[in-house]
Amino acid sequence: MCDTCGCNVTKGNAHLVDKKSVEVLQNLLHENDHAAEHNREHFGRHGVLAVNLMSSPGSGKTSLLEATIDALGDELSIAVIEGDLETENDANRIRARGVPAVQITTGQACHLDAHMVHDALHDMELDGIDILSIENVGNLVCPASFDLGHHANVTLLSVTEGDDKPAKYPVMFRAADVVLLSKSDLLDVLDDFDTEKARRHVRELANPAPVMNLSVRRPDSLDQWFSWLRERVAELSAGEAMKPRVQPEGASLHLGS
Amino acid sequence: MHELSVCQGLIRQVQRIAEENEATAVDRILLRVGGLSGVEPPLLMHAFEIARMGTLAENAELEIEEGPVVVKCQECGGSSVVPVNRLLCSYCGEWKVNVTEGEELLLLSLDLQTVAQDSKTDKPKEQ
């Protein structure tokens, strides 16, 4: 007989069992959110802007980080947490640029969560760091659901992927604080990516986030991205409370319909 | 795709609440999952079959309320039910709206089995 599943309840002892209904009203990602808040406090204490880079695999997240490090490395101190199922390849690329990088290999997990980031932070010195870039697992589906304790979501969409991707992945693109249309140098040879359509699809998700065309092969095009980063660093320094665009507290506003 | 990790978190939450209420088993778990929550109810149901094994919720029924996506327009103030990837006000077509329903991923309530009070003093309860 077992005490956990009720299989020990029989006609003879049913009178010994009470039924009780408990109202909970708690977010399912409560545990992750709790760990995320802990991370956010940690970043706040060290004055570190934490951004979560998300996109499909191969949209150019690591390349963008390399270009950002090359251009801003003397002005702002950057550290990186890399997330991949396997290999240290991306962390190695970042370290080759002289920047500290910790690699999280998730095995089969398709997204990073706050606990993984918390563990990675044990291997990282945050004193003196201005920006922590967390490069999430390449995946347009799951990462958007998990608060890592970061301040802003940066979502890349490369011009080889289809300008209707924001409509196909609404949760991800609704969560973006900035959308970067990467590899825009290829627009010269592509006739099927309309950047205005992509921008409109983002707006149709009620998202006012800036949508920027850029290419790591065209350094001038990166200036708007660097400005955006500098503005966020300034906001954080000014003591503004910063959270990524879509937050779970929205969920608790409308119970009892 | 991440429904299993969501379920594992759910089971941990359920176990904690069950323990707080001195429950011996969980009969029913009621969730509300909105269309913009990033979680698919059928996948969640499937993952639940796995996540609940060997726990207090082993025989629990998982019920999921799926609500519509509702936006309130910042321009005209109207509230309308909209598709998940086209959050435009149905009245004026404006994209500057607030999502008032549809993002929730909530554990609403639990039906628990606890040991009857009378049984603690070894007296059978009056039927």
# chains A, B, ... in the order shown; residues from 1 in each chain; ligands from 1
call {"tool": "select_by_dssp", "arguments": {"residues": "chain B", "states": "strand (DSSP E or B)", "output": "PyMOL selection string"}}
result
chain B and resi 23-34+61-67+69-73+79-82+97-101+105-115
call {"tool": "residues_around", "arguments": {"residues": "Ala241 in chain A", "least_positions_apart": "5", "cutoff": "12 Å", "atoms": "only C-alpha atoms", "output": "PDB file with C-alpha atoms, in the first residue's frame"}}
result
ATOM      1  CA  ARG A  40      18.757  40.736 -11.392  1.00  0.00           C
ATOM      2  CA  GLU A  41      19.638  41.959  -7.896  1.00  0.00           C
ATOM      3  CA  PHE A  43      23.540  42.470 -11.668  1.00  0.00           C
ATOM      4  CA  GLY A  44      22.133  45.612 -10.058  1.00  0.00           C
ATOM      5  CA  GLY A  47      26.034  47.875 -12.053  1.00  0.00           C
ATOM      6  CA  LEU A  49      23.603  45.670 -17.881  1.00  0.00           C
ATOM      7  CA  HIS A 150      18.388  40.210 -17.440  1.00  0.00           C
ATOM      8  CA  HIS A 151      17.348  43.747 -18.379  1.00  0.00           C
ATOM      9  CA  ALA A 152      16.559  43.572 -22.071  1.00  0.00           C
ATOM     10  CA  ARG A 232      20.606  51.125 -21.884  1.00  0.00           C
ATOM     11  CA  VAL A 233      23.881  51.307 -19.927  1.00  0.00           C
ATOM     12  CA  ALA A 234      23.082  54.940 -19.105  1.00  0.00           C
ATOM     13  CA  GLU A 235      19.532  54.035 -18.023  1.00  0.00           C
ATOM     14  CA  LEU A 236      20.849  51.412 -15.659  1.00  0.00           C
TER      15      LEU A 236
END
call {"tool": "residues_around", "arguments": {"residues": "Ile64 in chain B", "least_positions_apart": "6", "cutoff": "9 Å", "atoms": "only C-alpha atoms", "output": "number ranges by chain"}}
result
B: 29-33, 41, 45
call {"tool": "interface_residues", "arguments": {"of": "chain A", "to": "chain B", "cutoff": "6 Å", "atoms": "only C-alpha atoms", "output": "compact mmCIF listing (two decimals) with C-alpha atoms, in the first residue's frame"}}
result
# COMPACT_ATOMS: atom_id res chain seq x y z
CA THR A 4 1.38 9.02 -2.02
CA CYS A 5 -1.25 8.23 -4.64
CA GLY A 6 -4.27 7.33 -2.56
CA LEU A 16 -10.60 8.91 6.91
CA VAL A 17 -9.89 10.99 3.80
CA ASP A 18 -10.84 14.65 3.53
CA LYS A 19 -10.99 16.59 0.32
CA LYS A 20 -9.67 20.10 0.25
CA SER A 21 -9.59 22.70 -2.51
CA VAL A 22 -6.73 25.19 -2.35
CA GLU A 23 -6.67 28.36 -4.41
CA VAL A 24 -3.11 29.05 -5.55
CA LEU A 25 -3.00 31.74 -8.29
CA GLN A 26 0.72 31.37 -8.83
CA ASN A 27 2.75 31.71 -12.00
CA LEU A 28 3.99 28.33 -13.27
CA ALA A 167 4.09 36.63 -37.25
CA PRO A 170 4.73 35.94 -31.85
CA VAL A 171 5.88 35.14 -28.30
CA GLU A 204 1.26 44.02 -35.14
CA LEU A 205 2.48 42.32 -31.99
CA ALA A 206 1.85 45.61 -30.19
CA ALA A 251 -0.35 37.43 -16.10
call {"tool": "select_by_dssp", "arguments": {"residues": "range 2-95 of chain B", "states": "alpha helix (DSSP H)", "output": "list in words"}}
result
Glu3, Leu4, Ser5, Val6, Cys7, Gln8, Gly9, Leu10, Ile11, Arg12, Gln13, Val14, Gln15, Arg16, Ile17, Ala18, Glu19, Glu20, Pro41, Pro42, Leu43, Leu44, Met45, His46, Ala47, Phe48, Glu49, Ile50 and Ala51 of chain B
call {"tool": "residues_around", "arguments": {"residues": "Asp127 in chain A", "least_positions_apart": "6", "cutoff": "12 Å", "atoms": "only C-alpha atoms", "output": "PyMOL selection string"}}
result
chain A and resi 42-48+77-79+121
call {"tool": "closest_residue", "arguments": {"among": "A:Gly107, A:Pro143, A:Pro244, A:Gly60", "to": "Ala176 in chain A", "atoms": "only C-alpha atoms"}}
result
A:Pro244
